[in-house]
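Student: Structure file input23.txt, compact mmCIF, C-alpha atoms, is pasted below:
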# COMPACT_ATOMS: atom_id res chain seq x y z
CA MET U 1 0.00 0.00 0.00
CA ASP U 2 1.18 3.50 -0.79
CA VAL U 3 1.17 4.82 2.77
CA ASN U 4 1.47 8.45 1.76
CA GLY U 5 -0.49 8.18 -1.46
CA SER U 6 -4.04 8.75 -2.57
CA LEU U 7 -5.38 5.35 -1.51
CA ASP U 8 -4.92 6.09 2.19
CA GLY U 9 -6.59 9.46 1.76
CA ARG U 10 -9.60 7.94 0.02
CA VAL U 11 -9.96 5.23 2.65
CA LEU U 12 -9.85 7.74 5.51
CA ALA U 13 -12.35 9.96 3.71
CA LYS U 14 -14.73 7.02 3.45
CA LEU U 15 -14.18 6.25 7.13
CA ARG U 16 -15.23 9.74 8.08
CA LEU U 17 -18.41 9.25 6.10
CA TYR U 18 -19.47 5.94 7.54
CA GLU U 19 -18.41 6.84 11.08
CA GLU U 20 -21.16 9.44 11.05
CA ARG U 21 -23.48 6.39 10.96
CA LEU U 22 -26.16 8.07 8.90
CA CYS U 23 -27.89 4.71 8.75
CA PRO U 24 -26.81 1.07 9.30
CA ALA U 25 -27.11 0.21 5.61
CA CYS U 26 -24.95 3.16 4.53
CA TRP U 27 -22.44 2.34 7.25
CA LYS U 28 -22.08 -1.23 5.98
CA VAL U 29 -21.75 -0.19 2.33
CA GLU U 30 -18.99 2.32 3.09
CA ARG U 31 -17.19 -0.09 5.42
CA ASP U 32 -17.25 -2.89 2.85
CA GLN U 33 -15.98 -0.53 0.14
CA ALA U 34 -13.16 0.65 2.40
CA HIS U 35 -12.25 -2.98 3.10
CA LYS U 36 -12.24 -3.72 -0.60
CA GLU U 37 -9.96 -0.80 -1.42
CA VAL U 38 -7.52 -1.69 1.35
CA ASN U 39 -7.29 -5.36 0.40
CA SER U 40 -6.99 -4.64 -3.32
CA SER U 41 -3.53 -3.16 -2.74
CA LEU U 42 -2.26 -5.95 -0.46
CA PRO U 43 -0.90 -9.44 -1.23
CA PRO U 44 -3.38 -12.36 -1.29
CA LEU U 45 -3.90 -14.34 1.88
CA GLN U 46 -3.27 -18.06 2.24
CA GLY U 47 -5.72 -20.47 3.85
CA THR U 48 -9.09 -22.07 3.28
CA GLU U 49 -11.78 -20.11 1.48
CA LYS U 50 -13.62 -19.48 4.74
CA GLN U 51 -10.44 -18.45 6.56
CA VAL U 52 -9.41 -16.05 3.80
CA ALA U 53 -12.84 -14.39 3.67
CA TRP U 54 -12.78 -13.80 7.42
CA ALA U 55 -9.11 -12.76 7.54
CA LEU U 56 -9.58 -10.20 4.76
CA GLN U 57 -12.04 -8.30 6.97
CA ILE U 58 -9.72 -8.55 9.98
CA ARG U 59 -6.71 -7.37 8.00
CA ALA U 60 -8.61 -4.44 6.49
CA ASP U 61 -9.81 -3.32 9.92
CA ALA U 62 -6.24 -3.59 11.27
CA VAL U 63 -4.83 -1.51 8.43
CA ILE U 64 -7.58 1.08 8.84
CA GLU U 65 -6.77 1.27 12.56
CA LEU U 66 -3.13 1.98 11.67
CA LEU U 67 -4.12 4.55 9.04
CA LYS U 68 -6.20 6.41 11.62
CA ALA U 69 -3.33 6.35 14.11
CA LYS U 70 -0.87 7.64 11.51
CA SER U 71 -3.24 10.48 10.72
CA GLU U 72 -3.65 11.26 14.42
CA TYR U 73 0.10 11.21 15.16
CA ARG U 74 1.41 12.85 11.99
CA HIS U 75 2.77 15.70 14.15
CA ASP U 76 4.92 13.25 16.13
CA GLU U 77 8.13 12.23 14.34
CA ILE U 78 8.91 9.17 16.47
CA ARG U 79 5.39 7.76 16.60
CA SER U 80 4.99 8.34 12.87
CA LEU U 81 8.13 6.29 12.21
CA VAL U 82 6.95 3.50 14.51
CA LEU U 83 3.50 3.29 12.94
CA GLU U 84 4.94 3.38 9.43
CA ASP U 85 7.39 0.54 10.12
CA PHE U 86 4.78 -1.55 11.93
CA HIS U 87 2.30 -0.97 9.11
CA GLN U 88 4.79 -2.25 6.56
CA GLU U 89 5.59 -5.29 8.70
CA ALA U 90 1.93 -6.11 9.33
CA ILE U 91 0.86 -6.11 5.68
CA LYS U 92 3.56 -8.67 4.82
CA GLU U 93 1.66 -11.27 6.86
CA CYS U 94 -0.14 -13.54 4.36
CA SER U 95 -1.34 -16.30 6.67
CA ALA U 96 -5.12 -16.05 7.11
CA SER U 97 -4.99 -18.16 10.29
CA ARG U 98 -2.55 -15.75 11.94
CA TRP U 99 -4.77 -12.77 11.20
CA ILE U 100 -7.69 -14.70 12.70
CA ARG U 101 -5.73 -15.61 15.84
CA ASN U 102 -4.83 -11.95 16.40
CA ARG U 103 -8.28 -10.57 15.59
CA HIS U 104 -8.89 -9.21 19.10
CA ALA U 105 -5.53 -7.42 19.36
CA SER U 106 -5.15 -3.69 18.98
CA PHE U 107 -2.61 -3.17 16.24
CA VAL U 108 -1.74 0.30 17.48
CA ASP U 109 -0.98 -1.15 20.94
CA GLN U 110 1.17 -3.77 19.25
CA ALA U 111 2.99 -0.99 17.41
CA TRP U 112 3.83 0.79 20.69
CA ARG U 113 5.11 -2.47 22.19
CA TYR U 114 7.13 -3.03 19.04
CA HIS U 115 8.58 0.45 19.49
CA SER U 116 9.52 0.06 23.15
CA GLY U 117 12.43 -2.27 22.42
CA ARG U 118 13.79 -0.08 19.62
CA GLU U 119 13.41 3.40 21.06
CA PRO U 120 17.08 4.41 20.62
CA TYR U 121 16.88 3.47 16.94
CA TYR U 122 13.73 5.49 16.31
CA ARG U 123 15.02 8.46 18.26
CA PHE U 124 18.23 8.41 16.22
CA ILE U 125 16.28 8.38 12.93
CA ALA U 126 13.87 11.07 14.14
CA GLU U 127 16.71 13.33 15.28
CA GLY U 128 18.26 13.03 11.81
CA HIS U 129 14.99 14.08 10.19
CA ILE U 130 14.62 17.02 12.57
CA GLU U 131 18.18 18.24 11.98
CA SER U 132 17.71 18.11 8.20
CA GLU U 133 14.44 20.05 8.33
CA ALA U 134 15.85 22.56 10.81
CA GLU U 135 18.90 23.26 8.61
CA ILE U 136 16.61 24.13 5.70
CA LEU U 137 14.75 26.60 7.92
CA VAL U 138 18.00 28.08 9.23
CA ARG U 139 19.16 28.86 5.69
CA GLN U 140 15.79 30.40 4.85
CA TYR U 141 15.81 32.62 7.95
CA GLN U 142 19.38 33.73 7.30
CA GLU U 143 18.67 34.54 3.65
CA VAL U 144 15.67 36.76 4.38
CA GLY U 145 17.33 38.38 7.41
CA THR U 146 14.38 37.74 9.71
CA GLU U 147 14.53 38.42 13.44
CA PHE U 148 15.71 35.24 15.10
CA PHE U 149 12.87 34.79 17.57
CA ASN U 150 9.17 33.99 17.44
CA ILE U 151 7.28 34.60 20.66
CA GLU U 152 3.99 33.36 19.17
CA ALA U 153 5.57 30.01 18.28
CA GLU U 154 6.88 29.63 21.83
CA GLN U 155 3.46 30.46 23.27
CA GLY U 156 1.84 28.03 20.84
CA ILE U 157 4.04 25.10 21.86
CA LEU U 158 3.59 25.75 25.58
CA GLY U 159 -0.17 26.06 25.15
CA ALA U 160 -0.30 22.86 23.10
CA MET U 161 1.62 21.00 25.82
CA LEU U 162 -0.90 22.15 28.40
CA VAL U 163 -3.90 21.18 26.28
CA ASN U 164 -2.49 17.81 25.18
CA ASN U 165 0.36 16.31 27.22
CA ASP U 166 1.23 13.96 24.33
CA VAL U 167 2.81 17.01 22.69
CA CYS U 168 5.60 16.72 25.29
CA ASP U 169 6.73 13.53 23.52
CA ALA U 170 6.33 15.03 20.07
CA VAL U 171 8.70 17.94 20.80
CA PHE U 172 11.41 15.68 22.24
CA PHE U 173 14.12 17.70 20.44
CA LEU U 174 13.30 20.97 22.22
CA LYS U 175 15.17 22.09 25.33
CA PRO U 176 14.55 25.08 27.61
CA GLU U 177 17.54 26.92 26.12
CA HIS U 178 15.90 26.89 22.68
CA PHE U 179 13.32 29.42 23.94
CA ILE U 180 14.23 33.09 24.00
CA GLU U 181 11.84 34.26 26.74
CA ASP U 182 13.08 33.47 30.26
CA LEU U 183 9.54 32.72 31.45
CA HIS U 184 9.03 30.33 28.55
CA LYS U 185 12.30 28.59 29.38
CA ARG U 186 11.12 28.10 32.95
CA LEU U 187 7.66 26.93 31.92
CA PHE U 188 9.04 24.42 29.45
CA ALA U 189 11.57 23.06 31.94
CA VAL U 190 8.92 22.54 34.64
CA MET U 191 6.42 20.96 32.21
CA GLU U 192 9.11 18.65 30.84
CA ALA U 193 10.15 17.58 34.35
CA LEU U 194 6.55 16.96 35.45
CA PHE U 195 5.77 14.98 32.29
CA ASN U 196 8.91 12.84 32.66
CA ALA U 197 7.88 12.16 36.26
CA GLY U 198 4.58 10.75 35.03
CA LYS U 199 2.45 13.71 36.13
CA ILE U 200 -0.49 15.13 34.18
CA VAL U 201 0.62 18.68 33.39
CA THR U 202 -2.16 21.19 34.10
CA THR U 203 -2.32 24.94 34.65
CA SER U 204 -3.12 24.43 38.33
CA LEU U 205 -0.14 22.12 38.85
CA LEU U 206 2.15 24.56 37.06
CA GLY U 207 0.80 27.38 39.19
CA HIS U 208 1.64 25.37 42.30
CA PHE U 209 5.30 25.05 41.23
CA LEU U 210 5.75 28.55 39.82
CA GLY U 211 3.63 30.60 42.19
CA ASN U 212 1.16 33.23 41.05
CA ARG U 213 3.48 36.21 40.91
CA ASP U 214 2.75 39.31 38.89
CA LEU U 215 4.43 39.40 35.47
CA GLY U 216 3.67 43.06 34.82
CA GLY U 217 -0.07 43.50 34.56
CA ILE U 218 -0.80 39.78 34.35
CA THR U 219 -0.32 36.95 36.85
CA VAL U 220 1.24 33.57 36.13
CA SER U 221 -2.14 31.81 36.30
CA GLN U 222 -3.65 34.36 33.92
CA TYR U 223 -0.75 33.93 31.51
CA LEU U 224 -1.19 30.15 31.58
CA ASP U 225 -4.84 30.65 30.63
CA VAL U 226 -3.69 32.83 27.73
CA LEU U 227 -1.34 30.05 26.57
CA VAL U 228 -4.20 27.55 26.60
CA GLU U 229 -6.31 29.94 24.55
CA LYS U 230 -3.45 30.34 22.06
CA ALA U 231 -2.89 26.57 21.75
CA PRO U 232 -2.67 25.69 18.04
CA ASP U 233 -4.19 22.75 16.25
CA ILE U 234 -2.22 19.57 16.87
CA SER U 235 -1.19 19.47 13.21
CA ASP U 236 0.79 22.72 13.69
CA VAL U 237 2.86 21.47 16.62
CA LYS U 238 5.80 20.07 14.66
CA ARG U 239 6.06 23.20 12.48
CA LEU U 240 6.10 25.50 15.51
CA ALA U 241 8.63 23.33 17.37
CA LEU U 242 10.91 23.28 14.33
CA THR U 243 10.58 27.06 14.10
CA ILE U 244 11.74 27.48 17.71
CA TYR U 245 14.57 25.01 17.22
CA ALA U 246 15.80 26.56 13.95
CA LEU U 247 15.69 30.12 15.32
CA SER U 248 17.72 28.97 18.31
CA LYS U 249 20.33 27.55 15.94
CA CYS U 250 20.41 30.88 14.09
CA ARG U 251 21.07 32.75 17.33
CA SER U 252 23.81 30.29 18.32
CA GLN U 253 25.53 30.70 14.97
CA MET U 254 25.38 34.49 15.27
CA GLU U 255 26.93 34.37 18.74
CA ALA U 256 29.66 32.06 17.49
Could the structure of this file be written out as structure tokens, please?
Tutor:
Amino acid sequence: MDVNGSLDGRVLAKLRLYEERLCPACWKVERDQAHKEVNSSLPPLQGTEKQVAWALQIRADAVIELLKAKSEYRHDEIRSLVLEDFHQEAIKECSASRWIRNRHASFVDQAWRYHSGREPYYRFIAEGHIESEAEILVRQYQEVGTEFFNIEAEQGILGAMLVNNDVCDAVFFLKPEHFIEDLHKRLFAVMEALFNAGKIVTTSLLGHFLGNRDLGGITVSQYLDVLVEKAPDISDVKRLALTIYALSKCRSQMEA
């Protein structure tokens, strides 16, 4: 299957239609068509006629589950790599009986377990991708002579982390020193520490650690509320994080 091609897009579009469940008959028609399109691009299964018919449905549902997850985590470099690799491994399985035996398993959960033993590898690959993308941005910023800071991007990332703690994993390449605002450095450092300690990062918990001092016409708690209000769509997280990272590299090169 062309993971990044038009087939996946069509399948997900059909899913959005039948998940609205306009009526049971329409739901079944769209589901069956999605199954057909998924299986048409995959190798044939081996087994009895009954096994193959059942396994085709199971495999299609598994692939659709992975497609949904890839769409949901497209902002997260490491998870995207994991899901992509697991997807490619899963669709190589041609034994109908094995698909049937694993029919109750969550394939996304299996992907995370698959990832856990290879985290250093995926982090290494992801860091390479991030460095390449950041270098392109650095050259662009230097060519146009832009100011090497973006307060809105910093606010956006911090707000996104507060709204959805999974963003903390997605911006693994950011460090407090990549932010230009001292308050933002402090906020990021505390959120990162709390997340790594297994805590759910909330505005109230942050307020407890930072205190509610006045920042010049606005208190810490009020500023945290502003960050939440400014939180971008999850799809913008990687772009904003790369912006912060690349601008930090620009400043470092200027200082050097």
Student: Counting all atoms listed in the file, figure out which residue out of U:Arg118, U:Arg186, U:Lys92, U:Arg31 gets nearest to Leu210 in chain U.
Tutor: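 Result for the nearest residue to Leu210 in chain U: U:Arg186.
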Student: Contacts of Asp85 in chain U at 10 Å or less, counting all atoms listed in the file, minus same-chain residues fewer than 4 places along, as a list in words?
Tutor: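 These residues fall inside the cut-off: Arg79, Ser80, Leu81, Glu89, Ala90, Ala111, Tyr114 and His115 of chain U.
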Student: Tell me, in Å to one decimal, how far CA of Ile100 in chain U is from CA of Arg74 in chain U.
Tutor: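 These atoms are spaced 29.0 Å apart.
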Student: Tell me which residues come within 12 Å of (4.8, 2.0, 12.2), as JSON, numbers by chain, counting all atoms listed in the file in the file's coordinates.
Tutor: {"U": [3, 63, 65, 66, 67, 68, 69, 70, 71, 73, 74, 76, 77, 78, 79, 80, 81, 82, 83, 84, 85, 86, 87, 88, 89, 90, 91, 107, 108, 109, 110, 111, 112, 113, 114, 115, 118, 122]}
Student: So which residues touch Ile130 in chain U within 8 Å, counting only C-alpha atoms, skipping near sequence neighbours fewer than 3 positions away, as a PDB file with C-alpha atoms, in the coordinates of the input?
Tutor:
ATOM      1  CA  ALA U 126      13.870  11.070  14.140  1.00  0.00           C
ATOM      2  CA  GLU U 127      16.710  13.330  15.280  1.00  0.00           C
ATOM      3  CA  GLU U 133      14.440  20.050   8.330  1.00  0.00           C
ATOM      4  CA  ALA U 134      15.850  22.560  10.810  1.00  0.00           C
ATOM      5  CA  PHE U 173      14.120  17.700  20.440  1.00  0.00           C
ATOM      6  CA  LEU U 242      10.910  23.280  14.330  1.00  0.00           C
TER       7      LEU U 242
END
Student: May I ask which of the residues U:Ala25, U:Leu174, U:Ala53, U:Ala96 is the closest one to Ala246 in chain U, counting only C-alpha atoms?
Tutor: U:Leu174
Student: I'd like to know which of U:Cys26, U:Val190, U:Met161, U:Glu255 is closest to His208 in chain U, using all atoms listed in the file.
Tutor: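 Once distances to His208 in chain U are computed over all atoms listed in the file, the minimum belongs to U:Val190.
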Student: Report as a PyMOL selection string all protein, DNA and RNA residues lying within 12 Å of range 56-61 of chain U, evaluated on only C-alpha atoms, omitting residues in the same chain fewer than 2 positions from it.
Tutor: chain U and resi 1+8+11-12+15+31-54+63-68+87+90-108
Student: Which residue is closest to Glu154 in chain U? Choose from U:Arg213, U:His178, U:His75, U:Lys28 and count only C-alpha atoms.
Tutor: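 Under the stated criterion, the closest residue is U:His178.
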Student: Which of these residues is nearest to Lys230 in chain U, using only C-alpha atoms: U:Glu152, U:Glu192, U:Asp169, U:Glu181?
Tutor: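 Closest to Lys230 in chain U of all the choices is U:Glu152.
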